[in-house]
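Novice: You'll find entry08.txt just under this line, and it carries compact mmCIF, C-alpha atoms.
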```
# COMPACT_ATOMS: atom_id res chain seq x y z
CA MET A 100 21.73 6.82 5.73
CA PRO A 101 25.15 6.10 7.26
CA GLU A 102 23.34 5.11 10.46
CA LEU A 103 22.28 1.92 8.68
CA ASP A 104 25.82 0.58 8.63
CA ARG A 105 26.37 1.59 12.26
CA ALA A 106 23.25 -0.34 13.20
CA LYS A 107 24.56 -3.32 11.30
CA ARG A 108 27.72 -3.33 13.44
CA ALA A 109 25.82 -3.10 16.72
CA PRO A 110 26.77 -5.76 19.31
CA GLY A 111 24.86 -8.98 18.90
CA LEU A 112 23.64 -8.07 15.41
CA ALA A 113 26.75 -8.60 13.33
CA GLY A 114 25.69 -12.08 12.25
CA ASP A 115 27.54 -15.35 12.09
CA ALA A 116 30.54 -13.73 10.44
CA ALA A 117 31.42 -12.17 13.82
CA ARG A 118 31.14 -15.48 15.70
CA PRO A 119 33.72 -18.29 15.97
CA PRO A 120 33.29 -21.11 13.45
CA MET A 121 30.84 -23.79 14.52
CA ALA A 122 31.76 -27.45 14.45
CA VAL A 123 29.46 -29.35 12.15
CA HIS A 124 28.56 -33.00 12.23
CA GLY A 125 28.67 -34.00 8.60
CA ALA A 126 29.53 -32.17 5.45
CA ALA A 127 25.91 -31.96 4.31
CA SER A 128 24.92 -29.63 7.16
CA ALA A 129 27.57 -27.00 6.44
CA PRO A 130 25.96 -25.50 3.29
CA ALA A 131 22.56 -25.38 5.02
CA THR A 132 24.03 -23.64 8.07
CA THR A 133 25.82 -21.12 5.87
CA ALA A 134 22.67 -20.42 3.85
CA MET A 135 20.60 -19.86 6.99
CA ALA A 136 23.25 -17.49 8.35
CA VAL A 137 23.22 -15.53 5.10
CA LEU A 138 19.43 -15.17 5.30
CA ARG A 139 19.25 -14.63 9.05
CA GLU A 140 21.54 -11.61 9.28
CA ALA A 141 21.77 -10.60 5.58
CA ASN A 142 24.76 -8.37 6.37
CA TRP A 143 25.43 -8.25 2.64
CA LEU A 144 22.35 -6.00 2.30
CA THR A 145 24.26 -2.87 3.26
CA HIS A 146 22.95 0.63 2.72
CA ASP A 147 25.31 1.31 -0.19
CA ARG A 148 24.37 -1.91 -1.98
CA VAL A 149 20.66 -1.32 -1.52
CA ILE A 150 20.91 2.20 -2.90
CA ALA A 151 23.05 1.00 -5.83
CA PHE A 152 20.56 -1.78 -6.64
CA THR A 153 17.53 0.51 -6.43
CA ARG A 154 19.23 3.10 -8.63
CA VAL A 155 19.77 0.49 -11.31
CA PHE A 156 16.23 -0.79 -10.80
CA LEU A 157 14.87 2.74 -11.15
CA VAL A 158 16.73 3.34 -14.40
CA LEU A 159 15.53 0.01 -15.82
CA MET A 160 11.90 0.76 -14.94
CA ILE A 161 12.10 4.23 -16.45
CA GLY A 162 13.49 2.66 -19.62
CA CYS A 163 10.73 0.04 -19.73
CA ILE A 164 7.99 2.65 -19.26
CA ALA A 165 9.54 4.91 -21.89
CA SER A 166 9.64 2.04 -24.39
CA ILE A 167 5.92 1.21 -24.12
CA PRO A 168 4.86 3.27 -27.20
CA TRP A 169 7.17 1.12 -29.35
CA THR A 170 7.13 -2.25 -27.56
CA ILE A 171 3.46 -2.43 -26.50
CA PRO A 172 1.66 0.29 -28.51
CA THR A 173 -1.78 -1.15 -27.64
CA MET A 174 -1.27 -0.77 -23.88
CA ALA A 175 -3.62 1.80 -22.29
CA VAL A 176 -1.44 3.75 -19.84
CA GLY A 177 -3.35 5.64 -17.16
CA HIS A 178 -6.67 3.89 -17.78
CA ASP A 179 -7.66 4.04 -14.10
CA PHE A 180 -7.02 7.77 -13.99
CA ALA A 181 -9.23 8.06 -17.06
CA ALA A 182 -12.16 6.93 -14.88
CA PHE A 183 -11.34 9.58 -12.26
CA TRP A 184 -10.86 12.30 -14.87
CA THR A 185 -14.03 11.59 -16.85
CA ALA A 186 -16.10 11.33 -13.64
CA ALA A 187 -14.79 14.70 -12.50
CA ARG A 188 -15.49 16.16 -15.96
CA LEU A 189 -19.10 15.00 -15.73
CA ALA A 190 -19.29 16.55 -12.25
CA LEU A 191 -18.03 19.88 -13.62
CA GLU A 192 -20.81 19.72 -16.21
CA GLY A 193 -23.39 19.19 -13.47
CA ARG A 194 -23.80 15.49 -14.32
CA ALA A 195 -21.99 13.86 -11.40
CA ALA A 196 -24.61 11.11 -11.14
CA ASP A 197 -23.80 10.00 -14.71
CA ALA A 198 -20.32 8.99 -13.56
CA TYR A 199 -21.87 5.89 -11.96
CA GLY A 200 -23.65 4.59 -15.02
CA ASP A 201 -23.29 3.84 -18.70
CA ALA A 202 -22.58 7.48 -19.48
CA GLY A 203 -19.45 7.36 -17.34
CA ARG A 204 -18.17 4.20 -18.98
CA ALA A 205 -18.97 5.61 -22.41
CA ALA A 206 -16.88 8.67 -21.58
CA VAL A 207 -13.93 6.46 -20.67
CA ALA A 208 -14.42 4.37 -23.81
CA ALA A 209 -14.45 7.53 -25.92
CA LEU A 210 -11.12 8.45 -24.39
CA LEU A 211 -9.32 5.10 -24.46
CA GLY A 212 -11.17 3.05 -27.05
CA GLN A 213 -14.09 0.65 -27.12
CA LYS A 214 -13.20 -1.85 -24.42
CA THR A 215 -14.88 -3.18 -21.29
CA PHE A 216 -14.39 -0.85 -18.36
CA ALA A 217 -15.31 -1.17 -14.70
CA PRO A 218 -17.89 1.25 -13.35
CA PHE A 219 -16.71 4.26 -11.35
CA PHE A 220 -17.34 2.99 -7.82
CA TYR A 221 -15.78 5.62 -5.58
CA PRO A 222 -18.02 7.73 -3.32
CA PRO A 223 -18.86 11.28 -4.44
CA THR A 224 -16.31 12.60 -1.92
CA ALA A 225 -13.59 11.23 -4.22
CA LEU A 226 -14.75 13.65 -6.91
CA LEU A 227 -13.67 16.54 -4.69
CA PHE A 228 -10.03 15.47 -5.00
CA CYS A 229 -10.29 14.91 -8.77
CA LEU A 230 -12.08 18.14 -9.73
CA PRO A 231 -8.95 20.33 -10.14
CA PHE A 232 -7.46 17.83 -12.60
CA ALA A 233 -10.63 17.77 -14.70
CA LEU A 234 -9.94 21.41 -15.61
CA LEU A 235 -6.93 20.24 -17.67
CA PRO A 236 -6.60 18.12 -20.82
CA PHE A 237 -6.37 14.41 -20.06
CA ALA A 238 -2.66 13.87 -20.81
CA THR A 239 -1.63 16.96 -18.83
CA ALA A 240 -3.93 16.05 -15.96
CA ALA A 241 -2.60 12.47 -15.84
CA ALA A 242 1.02 13.64 -15.77
CA LEU A 243 0.27 16.17 -13.04
CA TRP A 244 -1.73 13.61 -11.03
CA ILE A 245 1.12 11.11 -11.05
CA ALA A 246 3.74 13.76 -10.30
CA ALA A 247 1.77 15.36 -7.44
CA THR A 248 0.69 12.14 -5.74
CA GLY A 249 4.15 10.62 -6.31
CA ALA A 250 5.87 13.60 -4.70
CA ALA A 251 3.50 13.42 -1.73
CA TYR A 252 4.19 9.69 -1.37
CA VAL A 253 7.97 10.16 -1.44
CA ALA A 254 7.76 12.99 1.11
CA ALA A 255 5.67 10.81 3.42
CA VAL A 256 8.07 7.85 3.20
CA ARG A 257 11.03 10.12 3.88
CA ALA A 258 9.26 11.63 6.90
CA VAL A 259 8.58 8.16 8.35
CA LEU A 260 12.21 7.19 7.70
CA LYS A 261 13.30 10.45 9.39
CA GLY A 262 15.52 11.39 6.50
CA GLY A 263 17.77 9.45 4.17
CA SER A 264 17.73 8.66 0.47
CA ILE A 265 14.47 8.63 -1.49
CA VAL A 266 15.81 6.37 -4.25
CA ALA A 267 14.37 3.18 -2.75
CA ALA A 268 10.94 4.78 -2.39
CA LEU A 269 11.04 6.00 -5.99
CA ALA A 270 12.06 2.58 -7.28
CA PHE A 271 9.48 0.59 -5.27
CA PRO A 272 7.76 -1.55 -7.95
CA ALA A 273 4.29 -0.97 -6.48
CA ALA A 274 4.75 2.77 -6.98
CA TRP A 275 5.43 2.19 -10.68
CA VAL A 276 2.46 -0.13 -11.08
CA CYS A 277 0.33 2.57 -9.45
CA ALA A 278 1.74 5.30 -11.68
CA LEU A 279 1.35 3.19 -14.82
CA PHE A 280 -2.36 2.72 -14.15
CA GLY A 281 -2.80 6.29 -12.91
CA GLN A 282 -4.20 4.85 -9.71
CA ASN A 283 -4.72 6.78 -6.46
CA SER A 284 -2.79 4.62 -3.98
CA LEU A 285 0.19 6.99 -4.03
CA PHE A 286 -2.20 9.55 -2.58
CA SER A 287 -3.42 7.02 0.01
CA ALA A 288 0.18 6.25 1.01
CA ALA A 289 0.87 9.96 1.44
CA LEU A 290 -2.15 10.36 3.73
CA LEU A 291 -1.18 7.31 5.78
CA GLY A 292 2.45 8.40 6.06
CA GLY A 293 1.45 11.89 7.14
CA ALA A 294 -0.88 10.45 9.78
CA ALA A 295 1.87 8.15 11.06
CA VAL A 296 4.27 11.05 11.49
CA MET A 297 1.76 13.41 13.13
CA LEU A 298 -0.43 11.13 15.25
CA ASP A 299 1.60 11.67 18.43
CA ARG A 300 2.42 15.36 18.16
CA ALA A 301 -0.51 16.68 16.09
CA PRO A 302 -3.43 14.27 16.57
CA ILE A 303 -6.05 16.58 15.07
CA ALA A 304 -4.08 17.01 11.84
CA ALA A 305 -3.42 13.25 11.73
CA GLY A 306 -7.14 12.57 12.23
CA ALA A 307 -7.98 14.94 9.39
CA LEU A 308 -5.63 13.04 7.06
CA LEU A 309 -7.21 9.75 8.09
CA GLY A 310 -10.65 11.26 7.48
CA CYS A 311 -9.62 12.13 3.93
CA LEU A 312 -8.93 8.42 3.38
CA THR A 313 -12.68 7.83 3.27
CA TYR A 314 -12.51 8.83 -0.40
CA LYS A 315 -11.46 5.16 -0.73
CA PRO A 316 -13.32 3.49 2.15
CA GLN A 317 -11.61 0.09 1.99
CA VAL A 318 -8.26 1.68 2.85
CA ALA A 319 -9.82 3.41 5.87
CA LEU A 320 -11.51 0.19 7.02
CA LEU A 321 -9.47 -0.24 10.22
CA VAL A 322 -9.04 3.43 11.15
CA PRO A 323 -11.95 3.59 13.65
CA LEU A 324 -10.82 0.39 15.37
CA VAL A 325 -7.22 1.58 15.76
CA LEU A 326 -8.18 5.01 17.10
CA LEU A 327 -10.62 3.44 19.57
CA VAL A 328 -8.21 0.74 20.79
CA THR A 329 -5.40 3.26 21.27
CA ARG A 330 -7.75 5.84 22.83
CA ARG A 331 -6.83 8.55 20.32
CA TRP A 332 -9.98 10.56 21.00
CA ARG A 333 -8.90 13.85 19.40
CA ALA A 334 -7.69 12.08 16.28
CA LEU A 335 -10.94 10.09 16.12
CA ALA A 336 -13.03 13.27 16.47
CA ALA A 337 -10.99 14.96 13.73
CA ALA A 338 -11.36 11.94 11.41
CA VAL A 339 -15.14 11.81 11.92
CA THR A 340 -15.47 15.58 11.47
CA THR A 341 -13.38 15.53 8.28
CA THR A 342 -15.46 12.69 6.86
CA LEU A 343 -18.72 14.52 7.58
CA LEU A 344 -17.39 17.76 6.09
CA LEU A 345 -16.34 15.97 2.91
CA MET A 346 -19.77 14.34 2.63
CA LEU A 347 -21.52 17.68 3.17
CA ALA A 348 -19.27 19.39 0.60
CA ALA A 349 -19.90 16.67 -1.98
CA THR A 350 -23.66 16.84 -1.40
CA ALA A 351 -23.69 20.62 -1.60
CA LEU A 352 -21.74 20.63 -4.88
CA PHE A 353 -23.21 17.60 -6.65
CA GLY A 354 -26.56 16.94 -4.97
CA ILE A 355 -27.98 13.70 -3.65
CA ASP A 356 -28.18 11.85 -6.99
CA PRO A 357 -24.49 10.83 -7.07
CA TRP A 358 -24.91 9.14 -3.68
CA ILE A 359 -27.85 7.17 -5.06
CA GLY A 360 -25.80 6.25 -8.13
CA PHE A 361 -22.87 5.19 -5.93
CA ILE A 362 -25.08 2.87 -3.87
CA ARG A 363 -26.68 1.38 -6.98
CA VAL A 364 -23.35 0.62 -8.64
CA LEU A 365 -21.82 -1.17 -5.64
CA PRO A 366 -23.28 -4.63 -6.52
CA GLU A 367 -21.91 -4.33 -10.07
CA ALA A 368 -18.52 -3.24 -8.75
CA SER A 369 -18.48 -6.18 -6.35
CA ALA A 370 -19.41 -8.62 -9.11
CA TRP A 371 -16.61 -7.19 -11.27
CA ASN A 372 -14.01 -7.95 -8.59
CA ILE A 373 -15.52 -11.19 -7.26
CA GLY A 374 -15.55 -12.61 -10.77
CA GLY A 375 -11.88 -11.71 -11.18
CA ALA A 376 -12.34 -9.41 -14.17
CA PRO A 377 -9.07 -7.55 -13.42
CA GLY A 378 -7.33 -10.92 -12.91
CA PHE A 379 -6.84 -12.73 -9.59
CA ASP A 380 -3.09 -12.58 -10.18
CA LYS A 381 -3.30 -8.81 -9.68
CA PHE A 382 -4.83 -9.09 -6.19
CA ALA A 383 -2.76 -9.68 -3.05
CA SER A 384 -5.53 -10.99 -0.80
CA PRO A 385 -6.32 -14.44 0.68
CA TYR A 386 -9.55 -14.46 -1.36
CA ALA A 387 -7.65 -14.03 -4.61
CA ALA A 388 -5.04 -16.61 -3.57
CA VAL A 389 -7.68 -19.32 -3.08
CA ARG A 390 -9.40 -18.47 -6.37
CA LEU A 391 -6.05 -18.42 -8.14
CA LEU A 392 -5.34 -21.93 -6.85
CA GLY A 393 -8.67 -23.16 -8.20
CA GLY A 394 -10.71 -22.95 -5.00
CA SER A 395 -14.41 -22.15 -5.02
CA GLY A 396 -15.84 -18.76 -4.18
CA ASP A 397 -17.21 -20.04 -0.87
CA LEU A 398 -13.84 -21.44 0.17
CA ALA A 399 -12.17 -18.19 -0.86
CA TRP A 400 -14.53 -16.14 1.31
CA ILE A 401 -13.95 -18.47 4.28
CA ALA A 402 -10.19 -18.05 3.92
CA GLN A 403 -10.59 -14.29 3.55
CA LEU A 404 -12.74 -14.00 6.68
CA ILE A 405 -10.39 -16.16 8.76
CA ALA A 406 -7.35 -14.15 7.66
CA ALA A 407 -9.10 -10.83 8.27
CA ALA A 408 -10.35 -11.90 11.70
CA GLY A 409 -6.87 -13.04 12.70
CA ALA A 410 -5.33 -9.78 11.49
CA VAL A 411 -7.90 -7.69 13.39
CA VAL A 412 -7.46 -9.64 16.64
CA LEU A 413 -3.66 -9.39 16.40
CA LEU A 414 -3.91 -5.69 15.57
CA ALA A 415 -6.14 -4.91 18.57
CA ALA A 416 -4.09 -7.04 20.97
CA THR A 417 -0.79 -5.48 19.87
CA LEU A 418 -1.95 -1.85 19.86
CA ARG A 419 -3.77 -1.80 23.18
CA THR A 420 -0.47 -0.82 24.84
CA ARG A 421 -0.17 2.23 22.54
CA PRO A 422 3.31 1.62 21.10
CA GLY A 423 3.34 5.03 19.37
CA GLY A 424 1.57 6.71 16.50
CA ALA A 425 3.91 5.57 13.73
CA ALA A 426 3.87 1.96 14.95
CA GLU A 427 0.08 1.99 15.22
CA ILE A 428 -0.44 3.28 11.69
CA ALA A 429 2.24 0.93 10.32
CA LEU A 430 0.55 -2.17 11.73
CA MET A 431 -2.87 -0.90 10.69
CA VAL A 432 -1.71 -0.48 7.09
CA ALA A 433 -0.26 -3.98 6.95
CA ALA A 434 -3.38 -5.53 8.50
CA THR A 435 -5.51 -3.71 5.93
CA GLY A 436 -3.76 -5.73 3.24
CA LEU A 437 -5.23 -8.94 4.67
CA CYS A 438 -8.66 -7.46 5.41
CA VAL A 439 -9.47 -6.08 1.95
CA PRO A 440 -10.52 -8.93 -0.38
CA PHE A 441 -9.63 -6.97 -3.52
CA PHE A 442 -6.27 -5.51 -2.50
CA GLY A 443 -4.58 -4.79 -5.82
CA ASN A 444 -0.88 -4.93 -6.63
CA TYR A 445 -0.93 -1.16 -7.15
CA GLU A 446 -2.36 -0.74 -3.63
CA MET A 447 0.69 -2.48 -2.20
CA VAL A 448 2.44 0.89 -2.44
CA ILE A 449 0.87 1.79 0.92
CA LEU A 450 3.02 -0.98 2.44
CA ALA A 451 5.98 1.37 1.93
CA ILE A 452 4.81 3.14 5.11
CA PRO A 453 5.19 0.16 7.48
CA GLY A 454 8.35 -0.81 5.61
CA ALA A 455 9.84 2.63 6.19
CA TRP A 456 8.91 2.49 9.88
CA LEU A 457 10.64 -0.89 10.27
CA ILE A 458 13.80 0.48 8.66
CA SER A 459 13.76 3.56 10.90
CA GLN A 460 13.53 1.33 13.98
CA ALA A 461 16.33 -0.94 12.73
CA ILE A 462 18.57 2.08 12.22
CA ALA A 463 17.88 3.21 15.77
CA GLN A 464 17.91 -0.17 17.54
CA GLY A 465 19.68 -2.64 15.27
CA TRP A 466 18.42 -5.23 12.82
CA LEU A 467 16.53 -8.26 14.07
CA PRO A 468 17.05 -11.73 12.55
CA TYR A 469 15.58 -12.18 9.05
CA GLU A 470 14.34 -8.58 9.01
CA ARG A 471 16.52 -7.40 6.15
CA ILE A 472 15.85 -10.33 3.84
CA ALA A 473 12.11 -10.25 4.54
CA LEU A 474 11.94 -6.53 3.72
CA ALA A 475 13.92 -7.11 0.52
CA ALA A 476 11.48 -9.85 -0.51
CA LEU A 477 8.50 -7.64 0.29
CA TYR A 478 10.05 -4.86 -1.79
CA LEU A 479 10.17 -7.07 -4.88
CA THR A 480 6.78 -8.75 -4.37
CA PRO A 481 4.67 -6.29 -6.46
CA PHE A 482 7.09 -6.91 -9.33
CA ALA A 483 7.13 -10.70 -8.97
CA MET A 484 3.57 -11.54 -7.88
CA VAL A 485 2.00 -11.65 -11.35
CA PRO A 486 4.67 -13.97 -12.86
CA ALA A 487 4.61 -16.08 -9.68
CA SER A 488 0.83 -16.40 -9.93
CA SER A 489 1.20 -18.04 -13.33
CA HIS A 490 3.00 -20.84 -11.45
CA ASP A 491 0.30 -21.03 -8.75
CA VAL A 492 2.37 -19.18 -6.12
CA PRO A 493 0.28 -16.40 -4.46
CA LEU A 494 3.11 -14.18 -3.21
CA GLY A 495 0.93 -11.23 -2.21
CA PRO A 496 -0.80 -12.50 0.96
CA ILE A 497 2.35 -14.38 2.00
CA ALA A 498 4.38 -11.16 1.87
CA ILE A 499 1.73 -9.18 3.75
CA ALA A 500 1.46 -11.82 6.48
CA ALA A 501 5.26 -11.80 6.82
CA LEU A 502 5.20 -8.00 7.12
CA ILE A 503 2.60 -8.18 9.89
CA ALA A 504 4.78 -10.71 11.75
CA LEU A 505 7.82 -8.41 11.43
CA LEU A 506 5.84 -5.42 12.71
CA VAL A 507 4.43 -7.27 15.72
CA ARG A 508 7.87 -8.59 16.64
CA ARG A 509 9.44 -5.14 16.26
CA ILE A 510 6.73 -3.48 18.38
CA ARG A 511 7.25 -6.06 21.14
CA PHE A 512 11.02 -5.62 20.90
CA HIS A 513 10.61 -1.86 21.18
CA ARG A 514 8.35 -2.25 24.20
CA ARG A 515 10.86 -4.50 26.00
CA HIS A 516 13.77 -2.14 25.32
CA ARG A 517 11.93 1.13 25.87
CA PRO A 518 13.61 3.31 28.54
CA ALA A 519 11.69 3.38 31.81
```
How would this structure read if it were set down as structure tokens?

Specialist:
Amino acid sequence: MPELDRAKRAPGLAGDAARPPMAVHGAASAPATTAMAVLREANWLTHDRVIAFTRVFLVLMIGCIASIPWTIPTMAVGHDFAAFWTAARLALEGRAADAYGDAGRAAVAALLGQKTFAPFFYPPTALLFCLPFALLPFATAAALWIAATGAAYVAAVRAVLKGGSIVAALAFPAAWVCALFGQNSLFSAALLGGAAVMLDRAPIAAGALLGCLTYKPQVALLVPLVLLVTRRWRALAAAVTTTLLLMLAATALFGIDPWIGFIRVLPEASAWNIGGAPGFDKFASPYAAVRLLGGSGDLAWIAQLIAAAGAVVLLAATLRTRPGGAAEIALMVAATGLCVPFFGNYEMVILAIPGAWLISQAIAQGWLPYERIALAALYLTPFAMVPASSHDVPLGPIAIAALIALLVRRIRFHRRHRPA
């Protein structure tokens, strides 16, 4: 993206290096001033350096993943995909309802070993997307799942960026966490990115993509609000229609019993997450941050509700002027991170969509103060949040809140500088 360097040299955005030296009153203030200038403009984060760093990062992560069989032979790679695959296998056998009970967990245990596994708590519509992979052996299906959803994710990020290198998207730590678990958030990111690109010019197609997100309802939590606030009626109608069609298809194929099983398993799934069975250090929500710091469950829920309410109010207030489809989806995705109490580190891969939108705007309009350094910190957060949590530093919600602030500021900047 050579445009990145041109944006860096835009008037007024070159940083303190382009300004005359400032007189300082005391030697102690000079280092602080220099440090703030380095963070404010971050001109050292050029396109070439970012690509070089992410290439090295990508090679290191590939090496670490490849070494797992020798360094951590007991690690169960793809254990989340095992739940999707076994549930879809049971559905192919006409036993879709068993995916939500002990039979489903027994099937996962038979595949990965006798451990404690969470129940399968996705709606039956999710089985529709997993069925083709259940026709294949587990290892082949897992590899194809990661490759297909990863390719869709990279294509979506590149479309939001409007071109450029895909190395940074490939090396995003959250994408590797997602792939390592065999999770489905790469698929979610692809749907969100596609909707962001198409919402203005193809609202029905964008609405259909957003409707598909109901396979994982927590990610689609804010979709109705955003489409209502921005008066995207055709997209809203397409999203509702797609959701209903998926529900009808799942009921026609699997019957009503899986829906009953899904409803029955929800309390157990909630207890699994509320109790922190996966580990609070792996969640990026205000709820998890309070629990990680030793707060009670009641205090954690209060903090979660306050953060979610603030994010929703800010989202609605910012989007009522309809800043554009990509901006609307970008802010919605970031706000979702504060609204979902069990927002995992692997789900942070969807934040690549608002990150890509911010970069595309910076290329077109110039970088705003602290934008580069904040995006760089956000990029590394999924990699650093678990070690930071061991030192009582909940990086996840801090990074998401910073991303929301960047998006709101950028949307307001775009509105002020939009041609009449």

Novice: Identify the residues within 10 Å of coordinate (-13.8, 17.6, -17.9) (same frame as the file), considering all atoms listed in the file, and give the answer as a ChimeraX atom specification.

Specialist: /A:184-192,230-237

Novice: Could you list, as a PyMOL selection string, every residue within 6 Å of range 417-434 of chain A, counting only C-alpha atoms and ignoring same-chain residues fewer than 2 positions away?

Specialist: chain A and resi 295-296+298-299+328-329+410+413-415+436-437+453+503

Novice: Using all atoms listed in the file, find the one residue out of A:Ala501, A:Ala267, A:Val318, A:Ala463 that sits nearest to Ala451 in chain A.

Specialist: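 Nearest to Ala451 in chain A: A:Ala267.
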
Novice: Please compute the CA of Ala181 in chain A-CA of Cys277 in chain A distance, one decimal, in Å.

Specialist: 13.4 Å

Novice: Can you list every residue of range 194-308 of chain A that has an atom at most 10 Å from range 133-156 of chain A, with its nearest atom pair and the distance in Å to one decimal, using only C-alpha atoms, ordered by chain then number, as a tab-separated table?

Specialist:
```
residue	atom	partner	partner_atom	distance
A:Ser264	CA	A:Ile150	CA	7.9
A:Ile265	CA	A:Ile150	CA	9.2
A:Val266	CA	A:Arg154	CA	6.4
A:Ala267	CA	A:Thr153	CA	5.5
A:Ala268	CA	A:Thr153	CA	8.8
A:Leu269	CA	A:Thr153	CA	8.5
A:Ala270	CA	A:Thr153	CA	5.9
A:Phe271	CA	A:Thr153	CA	8.1
A:Pro272	CA	A:Phe156	CA	9.0
```

Novice: What separation in Å, quoted to one decimal, exists between CA of Ala255 in chain A and CA of Ala416 in chain A?

Specialist: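 Computing the Euclidean distance for CA of Ala255 in chain A and CA of Ala416 in chain A yields 26.9 Å.
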
Novice: Between CA of Thr435 in chain A and CA of Ile362 in chain A, measure the distance and give it in Å to one decimal.

Specialist: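 For CA of Thr435 in chain A relative to CA of Ile362 in chain A, the distance reads 22.9 Å.
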
Novice: Between A:Ser284, A:Phe361, A:Phe441, A:Ile449, which one has atoms that come closest to Ala376 in chain A, using all atoms listed in the file?

Specialist: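 With all atoms listed in the file as the atom set, the closest residue is A:Phe441.
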
Novice: Take the point (-12.2, 15.3, 15.4) as written in the file and pick out every residue within 6 Å of it, counting only C-alpha atoms; give the list as a PyMOL selection string.

Specialist: chain A and resi 333-340

Novice: Which residues are close to Pro316 in chain A, i.e. within 12 Å by all atoms listed in the file, leaving aside same-chain residues fewer than 2 positions away? Reply as a list in words.

Specialist: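 Contacts, in chain order: Phe220, Tyr221, Pro222, Pro223, Thr224, Ala225, Ser287, Leu309, Gly310, Cys311, Leu312, Thr313, Tyr314, Val318, Ala319, Leu320, Leu321, Val322, Pro323, Thr342, Thr435 and Val439 of chain A.
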
Novice: With N, CA and C atoms as the target, complete range 413-427 of chain A and hand it back as a compact mmCIF listing (two decimals), keeping the file's coordinate frame.

Specialist:
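Result went into selection24.txt, see below:
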```
# COMPACT_ATOMS: atom_id res chain seq x y z
N LEU A 413 -5.07 -9.67 16.14
CA LEU A 413 -3.66 -9.39 16.40
C LEU A 413 -3.41 -7.89 16.46
N LEU A 414 -4.05 -7.15 15.58
CA LEU A 414 -3.91 -5.69 15.57
C LEU A 414 -4.39 -5.09 16.90
N ALA A 415 -5.59 -5.47 17.33
CA ALA A 415 -6.14 -4.91 18.57
C ALA A 415 -5.30 -5.31 19.78
N ALA A 416 -4.87 -6.57 19.82
CA ALA A 416 -4.09 -7.04 20.97
C ALA A 416 -2.73 -6.34 21.04
N THR A 417 -2.12 -6.09 19.90
CA THR A 417 -0.79 -5.48 19.87
C THR A 417 -0.84 -3.99 20.19
N LEU A 418 -1.89 -3.31 19.72
CA LEU A 418 -1.95 -1.85 19.86
C LEU A 418 -2.59 -1.38 21.15
N ARG A 419 -3.12 -2.27 21.96
CA ARG A 419 -3.77 -1.80 23.18
C ARG A 419 -2.78 -1.17 24.16
N THR A 420 -1.49 -1.45 23.99
CA THR A 420 -0.47 -0.82 24.84
C THR A 420 0.03 0.51 24.29
N ARG A 421 -0.54 0.96 23.17
CA ARG A 421 -0.17 2.23 22.54
C ARG A 421 1.33 2.35 22.30
N PRO A 422 1.86 1.60 21.34
CA PRO A 422 3.31 1.62 21.10
C PRO A 422 3.81 2.89 20.43
N GLY A 423 2.93 3.80 20.05
CA GLY A 423 3.34 5.03 19.37
C GLY A 423 2.62 5.19 18.06
N GLY A 424 2.38 6.44 17.67
CA GLY A 424 1.57 6.71 16.50
C GLY A 424 2.07 6.06 15.23
N ALA A 425 3.37 6.15 14.96
CA ALA A 425 3.91 5.57 13.73
C ALA A 425 3.77 4.06 13.72
N ALA A 426 4.01 3.41 14.86
CA ALA A 426 3.87 1.96 14.95
C ALA A 426 2.41 1.55 14.76
N GLU A 427 1.51 2.32 15.32
CA GLU A 427 0.08 1.99 15.22
C GLU A 427 -0.41 2.09 13.78
```
